[in-house]
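Since the structure comes first, as structure tokens, the remarks are kept for the end.
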Amino acid sequence: MNEITGKILLVDDDDFFLAMMEEALLAHGHTVTAVPDGVMAITAAESDPPDLILLDIIMPRMDGLEVLSILKQRPVTADIPIILLTIHRGEDVLLKGMRRGAEDVLFKPITTDELLLRTEMALRRKKRFDDLTGVIRQHLDPSVAYQIIKQPTNKMEFRRTHLAVLFSDLRGFTQVAESIEPEQTASLLNGLFEELVRCVLRYGGTLDKFLGDGLMALFGAPISYDDNENRAVCSALDMLLALKKIDSDTLSLTGKPIDMGIGISAGEVVVGPLGSRMRSNYTAIGDPVNVAARLTATARGREIIISRPVKNRLDPQIKLEDLPPAELKGKKNPLEVFRVLPDQILNVVLKRKT
């Protein structure tokens with residue numbers, strides 16, 4: 001197993017012990033900041049958040065338990081693991097520290113081997129947490145990701161909600177892929193998806209999944225807004241602008257631009273984790289999802305098609321064109337559909353989350 005190093009804040013009023021710990025950690029490759037009291041520890045942690053804090057309990061001006069409580073209450077330092085250091089071996093000290101959010105407790109005197117081992121274990125746990133939150137942030141708007149990370153049990157259960165669903169699908173990409181190398185195909189898709197996902201996240205949407213050469217996005221879950229439909233349409237218009245930005249790259253590679261159809265529907269769905277106990281995906285289930293997928297199939301190149309429920313909730317300044325009722329696969333009756341006029345310059349004021 002590869003060794004792991006990190007940025008560590010040492011806090012202890014014993015000069016000899018502080019110097020001993022600092023020397024051992026530096027020799028092991030860690031970056032170390034050492035301070036002699038709790039007040040300085042809070043300032044140091046907030047100004048330059050470390051990966052780990054080693055915090056003595058008995059100190060002048062402010063003891064370690066008080067420092068621990070303060071750091072765990074402040075957003076910038078709340079997720080930093082903290083290991084308490086103490087000469088008191090009573091169970092009450094251990095329980096007090098754990099209740100206030102300590103990662104671990106080390107009892108003095110501490111050997112160098114124990115110090116390094118506990119430090120590495122704490123850093124590995126933090127790295128796993130950071131890797132997981134990084135994956136979540138790849139799929140969600142930052143404010144939504146924060147809600148999920150802080151309250152996961154409240155956000156990942158099946159629940160009924162109203163949202164807008166967006167599908168996008170590339171046109172003629174199979175033929176494009178036949179004319180270029182697989183590596184070029186992957187590079188082209190990655191570059192395009194990079195732009196499209198930005199368009200989703202910019203408006204508070206959630207990337208549900210990639211679908212070959214398309215994607216599915218939710219506007220209204222896990223965090224809902226009063227204007228989910230506005231957000232979905234604004235995102236779709238930005239997607240078409242993003243497609244124009246990369247036209248020159250695709251033309252040089254394939255000899256022709258790539259087109260994309262977008263479909264948006266809205267209504268009541270169930271959202272939550274779908275799959276098995278071993279693996280599941282956060283997604284939406286319901287008729288609006290099916291309708292959005294079918295609308296995408298009817299959309300021509302660089303066309304955004306929306307359903308009547310989406311139109312009913314749109315900002316009046318968003319310009320639409322009436323289309324003939326669409327006969328969608330699986331639907332008994334034709335549905336009212338509308339085309340969002342392209343190249344609109346919108347000044348839609350987005351509402352706060354509900």
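Starting from 1 in every chain, residues are counted up; chains themselves are A, B, ... following the order of the structure tokens, and ligands are numbered from 1 as listed.
Look at A:Met121: the protein and nucleic acid residues within 12 Å of it, using only C-alpha atoms and passing over chain neighbours fewer than 5 places away, are Met1, Glu3, Ile4, Thr5, Gly6, Leu52, Pro81, Ile83, Glu103, Asp104, Glu114, Leu115, Leu116, Lys126, Lys127 and Arg128 of chain A.
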Export, as an mmCIF file, in the first residue's frame, the selected residues with N, CA and C atoms.
```cif
data_model
loop_
_atom_site.group_PDB
_atom_site.id
_atom_site.type_symbol
_atom_site.label_atom_id
_atom_site.label_comp_id
_atom_site.auth_asym_id
_atom_site.auth_seq_id
_atom_site.Cartn_x
_atom_site.Cartn_y
_atom_site.Cartn_z
ATOM 1 N N MET A 1 0.846 -1.193 0.000
ATOM 2 C CA MET A 1 0.000 0.000 0.000
ATOM 3 C C MET A 1 0.881 1.244 0.000
ATOM 4 N N GLU A 3 2.302 4.871 0.682
ATOM 5 C CA GLU A 3 2.190 5.791 1.810
ATOM 6 C C GLU A 3 1.450 7.043 1.382
ATOM 7 N N ILE A 4 0.748 7.644 2.330
ATOM 8 C CA ILE A 4 -0.020 8.847 2.040
ATOM 9 C C ILE A 4 0.469 9.960 2.951
ATOM 10 N N THR A 5 0.623 11.149 2.401
ATOM 11 C CA THR A 5 1.054 12.303 3.190
ATOM 12 C C THR A 5 0.033 13.415 3.055
ATOM 13 N N GLY A 6 0.110 14.384 3.960
ATOM 14 C CA GLY A 6 -0.849 15.467 3.918
ATOM 15 C C GLY A 6 -0.377 16.692 4.670
ATOM 16 N N LEU A 52 -5.540 17.373 8.276
ATOM 17 C CA LEU A 52 -5.700 16.714 9.566
ATOM 18 C C LEU A 52 -5.208 17.649 10.664
ATOM 19 N N PRO A 81 -10.673 16.092 9.708
ATOM 20 C CA PRO A 81 -10.550 15.137 10.817
ATOM 21 C C PRO A 81 -9.630 15.687 11.905
ATOM 22 N N ILE A 83 -7.687 14.605 15.572
ATOM 23 C CA ILE A 83 -7.259 13.611 16.551
ATOM 24 C C ILE A 83 -6.873 14.343 17.831
ATOM 25 N N GLU A 103 -12.072 12.537 15.427
ATOM 26 C CA GLU A 103 -11.811 11.360 14.607
ATOM 27 C C GLU A 103 -11.230 10.228 15.436
ATOM 28 N N ASP A 104 -10.386 10.588 16.423
ATOM 29 C CA ASP A 104 -9.654 9.595 17.201
ATOM 30 C C ASP A 104 -9.094 10.289 18.441
ATOM 31 N N GLU A 114 3.222 4.947 16.616
ATOM 32 C CA GLU A 114 1.776 5.095 16.801
ATOM 33 C C GLU A 114 1.287 6.406 16.193
ATOM 34 N N LEU A 115 2.052 7.472 16.380
ATOM 35 C CA LEU A 115 1.685 8.772 15.815
ATOM 36 C C LEU A 115 1.561 8.691 14.306
ATOM 37 N N LEU A 116 2.574 8.089 13.661
ATOM 38 C CA LEU A 116 2.572 8.010 12.201
ATOM 39 C C LEU A 116 1.455 7.098 11.678
ATOM 40 N N LYS A 126 -9.883 10.329 5.168
ATOM 41 C CA LYS A 126 -10.243 11.620 4.572
ATOM 42 C C LYS A 126 -10.145 11.569 3.048
ATOM 43 N N LYS A 127 -9.126 10.879 2.541
ATOM 44 C CA LYS A 127 -8.988 10.775 1.083
ATOM 45 C C LYS A 127 -10.180 10.038 0.477
ATOM 46 N N ARG A 128 -10.635 8.983 1.131
ATOM 47 C CA ARG A 128 -11.812 8.266 0.620
ATOM 48 C C ARG A 128 -13.038 9.171 0.614
#
```
Checklist entry - If you run DSSP on the backbone, which residues of stretch 57-260 of chain A are strand (DSSP E), as a PyMOL selection string? => result chain A and resi 82-86+104-107+159-171+206-211+214-219+259-260
Checklist entry - Counting only C-alpha atoms, which of A:Ile264, A:Ile57, A:Ala19, A:Ser69 gets nearest to A:Leu94? => result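 Nearest to A:Leu94: A:Ile57.
Comparing the minimum interatomic distances between A:Phe173 and each of A:Leu18, A:Ile246, A:Ala232, A:Met260, counting only C-alpha atoms, we find that A:Met260 sits nearest.
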Item to check | Between atom CA of A:Asn281 and atom CA of A:Lys209, distance in Å (one decimal) | outcome: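 Those two atoms sit 8.5 Å apart.
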Next on the checklist: as a list in words, please: the residues near A:Ala266 (cut-off 10 Å, only C-alpha atoms, same-chain neighbours under 3 positions excluded).
Outcome noted: His162, Leu163, Ala164, Val165, Leu166, Leu218, Phe219, Gly220, Asn228, Glu229, Ala232, Val269, Gly286, Asp287, Pro288, Val289, Val291, Ala292, Ile306, Ser307, Arg308, Pro309, Val310, Lys311, Asn312 and Arg313 of chain A
